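First up is the structure itself, then whatever we jot down about it.
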Amino acid sequence: MRARPLAAAAVLALTTTLLAAAPAQPAATAPPPDGRPTPARPAGHTEVPVQGGSARFATPPALLAALKADGVAIAHVDARGTVTPHEGSDGISLAIKGGAVTNSGGKVGGELRLADAGIALFNRTTRKVVKLLGFTVDLGQGTLRAQLNHGPKMTVGTFTRPAIAAAIDTHAAALRMNTGITITAAAATKLNAALGTHGFTGGGPLLQARIDAALDPSVDLGTALNLGHRPTPAKEGRRAAGAWGGGEPSGW
């Protein structure tokens with residue numbers, strides 16, 4: 001009659017030994033308050049907020065000559081829609097009001113949203129005016145979007161995306177770009193029709209853009225954008241100034 005109690009005691013002892021030898025399981029992690037898991041954000045996939053800056057747009061010499069031949073002048077448009085003739089050689093500068101910068105496959109990604117002001121084209125002969133407003137620079141796609149006379153936004157130009165390591169100045173916490181923008185065929189057709197000109201050609205030069213965007217200084221840019229080093233300010237922008245074969249773009 002003692003065999004059964006002894007057998008039970010042996011099983012209990014064996015079970016206790018096995019449980020003691022099993023590896024400890026990690027404690028369950030408490031879910032976040034909203035019940036949704038927090039996604040991982042690996043280095044290089046972080047959006048770095050843009051906190052201001054400016055984008056200066058100048059016209060390439062070849063386009064400027066073609067527009068002048070058709071009587072078209074360039075002007076600045078403020079946020080209220082007031083058109084002011086622009087004189088000078090430094091182009092038209094628009095404020096950057098927001099956006100974010102990312103590392104997209106080793107190149108600059110993200111988006112820049114410019115102020116509500118813009119650029120106007122005025123045909124002195126036909127008295128026709130076109131306003132380009134609400135500029136958005138899509139850094140990930142390499143496109144410039146804007147409204148033409150308060151219509152729906154459209155892609156007016158494209159540009160070559162620079163390497164992220166060359167475009168980020170970690171010491172100044174800034175994105176710096178100097179790039180030529182090529183006009184799309186659709187935008188060229190619309191602008192020519194609206195102004196009564198033939199100065200715009202799809203695939204031809206539209207603008208030379210010099211961008212200085214201030215980034216959140218509290219962010220470790222080297223880690224967030226997976227730079228791997230702390231580069232000096234971009235130099236390719238200085239070389240790109242003559243990208244259209246006519247030297248530094250003329251001002252408006």
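Labeling convention for the structure tokens: chains A, B, ... as they appear, residues from 1 per chain, ligands from 1 in order of appearance.
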Nearby residues (only C-alpha atoms) at most 12 Å from Thr189 (chain A), same-chain spacing under 4 positions excluded, as a PDB file with N, CA and C atoms, in the first residue's frame:
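For reference, result.pdb as written:
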```pdb
ATOM      1  N   VAL A 156       4.987  71.166 -60.667  1.00  0.00           N
ATOM      2  CA  VAL A 156       5.475  72.123 -61.661  1.00  0.00           C
ATOM      3  C   VAL A 156       6.912  71.838 -62.075  1.00  0.00           C
ATOM      4  N   ILE A 183      11.188  72.041 -65.435  1.00  0.00           N
ATOM      5  CA  ILE A 183       9.735  72.181 -65.541  1.00  0.00           C
ATOM      6  C   ILE A 183       9.112  70.949 -66.184  1.00  0.00           C
ATOM      7  N   THR A 184       7.930  70.557 -65.701  1.00  0.00           N
ATOM      8  CA  THR A 184       7.213  69.430 -66.294  1.00  0.00           C
ATOM      9  C   THR A 184       6.501  69.893 -67.566  1.00  0.00           C
ATOM     10  N   ALA A 185       6.193  68.944 -68.423  1.00  0.00           N
ATOM     11  CA  ALA A 185       5.507  69.275 -69.677  1.00  0.00           C
ATOM     12  C   ALA A 185       4.135  69.876 -69.400  1.00  0.00           C
ATOM     13  N   ALA A 193       0.063  78.848 -71.948  1.00  0.00           N
ATOM     14  CA  ALA A 193      -1.305  79.201 -72.332  1.00  0.00           C
ATOM     15  C   ALA A 193      -1.830  80.365 -71.493  1.00  0.00           C
ATOM     16  N   ALA A 194      -1.527  80.337 -70.197  1.00  0.00           N
ATOM     17  CA  ALA A 194      -2.041  81.373 -69.309  1.00  0.00           C
ATOM     18  C   ALA A 194      -1.397  82.724 -69.563  1.00  0.00           C
ATOM     19  N   LEU A 195      -0.143  82.721 -69.995  1.00  0.00           N
ATOM     20  CA  LEU A 195       0.585  83.971 -70.187  1.00  0.00           C
ATOM     21  C   LEU A 195       0.617  84.440 -71.643  1.00  0.00           C
ATOM     22  N   GLY A 196       0.243  83.550 -72.562  1.00  0.00           N
ATOM     23  CA  GLY A 196       0.341  83.891 -73.979  1.00  0.00           C
ATOM     24  C   GLY A 196       1.781  83.976 -74.425  1.00  0.00           C
ATOM     25  N   THR A 197       2.592  83.003 -73.983  1.00  0.00           N
ATOM     26  CA  THR A 197       4.011  83.000 -74.303  1.00  0.00           C
ATOM     27  C   THR A 197       4.443  81.621 -74.775  1.00  0.00           C
ATOM     28  N   HIS A 198       5.661  81.539 -75.287  1.00  0.00           N
ATOM     29  CA  HIS A 198       6.237  80.253 -75.685  1.00  0.00           C
ATOM     30  C   HIS A 198       7.560  80.029 -74.960  1.00  0.00           C
ATOM     31  N   GLY A 199       7.751  80.727 -73.852  1.00  0.00           N
ATOM     32  CA  GLY A 199       9.040  80.677 -73.170  1.00  0.00           C
ATOM     33  C   GLY A 199       9.326  79.409 -72.404  1.00  0.00           C
ATOM     34  N   PHE A 200       8.271  78.658 -72.026  1.00  0.00           N
ATOM     35  CA  PHE A 200       8.479  77.451 -71.218  1.00  0.00           C
ATOM     36  C   PHE A 200       8.473  76.207 -72.101  1.00  0.00           C
ATOM     37  N   THR A 201       9.428  75.328 -71.848  1.00  0.00           N
ATOM     38  CA  THR A 201       9.540  74.078 -72.604  1.00  0.00           C
ATOM     39  C   THR A 201       9.651  72.915 -71.632  1.00  0.00           C
ATOM     40  N   GLY A 202       8.774  71.933 -71.768  1.00  0.00           N
ATOM     41  CA  GLY A 202       8.813  70.768 -70.888  1.00  0.00           C
ATOM     42  C   GLY A 202      10.181  70.115 -70.891  1.00  0.00           C
ATOM     43  N   GLY A 203      10.708  69.850 -69.710  1.00  0.00           N
ATOM     44  CA  GLY A 203      12.040  69.264 -69.599  1.00  0.00           C
ATOM     45  C   GLY A 203      13.145  70.298 -69.559  1.00  0.00           C
TER      46      GLY A 203
END
```
Which residues are close to Pro205 (chain A), i.e. within 10 Å by only C-alpha atoms, leaving aside same-chain residues fewer than 2 positions away? Reply as number ranges by chain. A: 59-64, 157-158, 180-184, 200-203, 207-208, 243-244
Record the distance separating CA of Pro49 (chain A) and CA of Leu175 (chain A), expressed in Å with one decimal.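 Pair CA of Pro49 (chain A) / CA of Leu175 (chain A) returns 11.1 Å.
Here CA of Leu225 (chain A) is placed at a distance of 15.2 Å from CA of Gly99 (chain A).
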What gap, in Å, lies between CA of Gly118 (chain A) and CA of Val137 (chain A)? 13.2 Å
Would you mind telling me which residue in A:Gly134, A:Gly53, A:Gly151, A:Gly71 lies nearest to Lys190 (chain A) when using only C-alpha atoms?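 Using only C-alpha atoms, the shortest distance to Lys190 (chain A) belongs to A:Gly151.
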Counting only C-alpha atoms, what is within 10 Å of Ala100 (chain A), bar same-chain residues fewer than 3 positions away, as a PyMOL selection string? chain A and resi 46-51+109-113+139+213+215-216
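When the distance limit is 7 Å and only C-alpha atoms are what count, the residues near Ala163 (chain A), minus those fewer than 3 positions from it on the same chain, are Gly106, Lys107, Val108, Ala166 and Ala167 of chain A.
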Kindly export the residues of the current selection with C-alpha atoms, as a compact mmCIF listing (two decimals), in the first residue's frame.
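To be explicit, this is the file written out as part-v3.txt:
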```txt
# COMPACT_ATOMS: atom_id res chain seq x y z
CA GLY A 106 20.79 57.32 -48.61
CA LYS A 107 19.25 60.41 -50.20
CA VAL A 108 17.30 63.30 -48.77
CA ALA A 166 26.23 65.78 -48.27
CA ALA A 167 23.10 67.86 -47.69
```
If you run DSSP on the backbone here, which positions in region 86-216 of chain A get strand (DSSP E)? Please write them as a ChimeraX atom specification. /A:92-104,107-114,118-123,129-138,143-148,153-158,168-169,174-183,205-215
Spatial neighbours of His150 (chain A), 10 Å, only C-alpha atoms, chain gap at least 3 places, as a tab-separated table (two decimals) with N, CA and C atoms, in the first residue's frame:
```
chain	number	residue	atom	x	y	z
A	130	VAL	N	0.01	85.19	-63.83
A	130	VAL	CA	-0.10	83.86	-63.24
A	130	VAL	C	0.61	83.89	-61.88
A	131	LYS	N	-0.10	83.44	-60.86
A	131	LYS	CA	0.47	83.36	-59.51
A	131	LYS	C	0.74	81.90	-59.15
A	132	LEU	N	1.96	81.63	-58.71
A	132	LEU	CA	2.32	80.30	-58.21
A	132	LEU	C	2.43	80.42	-56.70
A	133	LEU	N	1.55	79.70	-56.00
A	133	LEU	CA	1.43	79.84	-54.55
A	133	LEU	C	1.49	78.49	-53.86
A	134	GLY	N	1.70	78.53	-52.53
A	134	GLY	CA	1.63	77.31	-51.73
A	134	GLY	C	2.64	76.25	-52.13
A	146	ALA	N	2.91	73.27	-56.61
A	146	ALA	CA	2.38	74.60	-56.32
A	146	ALA	C	0.99	74.73	-56.93
A	147	GLN	N	0.28	75.77	-56.48
A	147	GLN	CA	-1.02	76.12	-57.06
A	147	GLN	C	-0.80	77.18	-58.14
A	153	LYS	N	-3.28	71.90	-56.52
A	153	LYS	CA	-1.83	71.79	-56.60
A	153	LYS	C	-1.42	70.82	-57.70
```
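Every residue of region 84-225 of chain A found in helix (DSSP H, G or I) when DSSP is run on the backbone appears here: Ile164, Ala165, Ala166, Ala167, Ala185, Ala186, Ala187, Ala188, Thr189, Lys190, Leu191, Asn192, Ala193, Ala194, Leu195, Leu221, Gly222, Thr223 and Ala224 of chain A.
For the set A:Thr82, A:Asn123, A:Ser218, A:Thr155, the residue with the smallest atom-to-atom gap to Ala172 (chain A) is A:Ser218, counting only C-alpha atoms.
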Residue with smallest distance to Ala187 (chain A) - pool A:Arg161, A:Leu144, A:Ala214, A:His76, counting only C-alpha atoms: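 Closest to Ala187 (chain A), using only C-alpha atoms: A:Leu144.
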Counting only C-alpha atoms, the option among A:Asp78, A:Leu227, A:Arg56, A:Val83 closest to Asn178 (chain A):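 When distances to Asn178 (chain A) are compared using only C-alpha atoms, the smallest one comes from A:Arg56.
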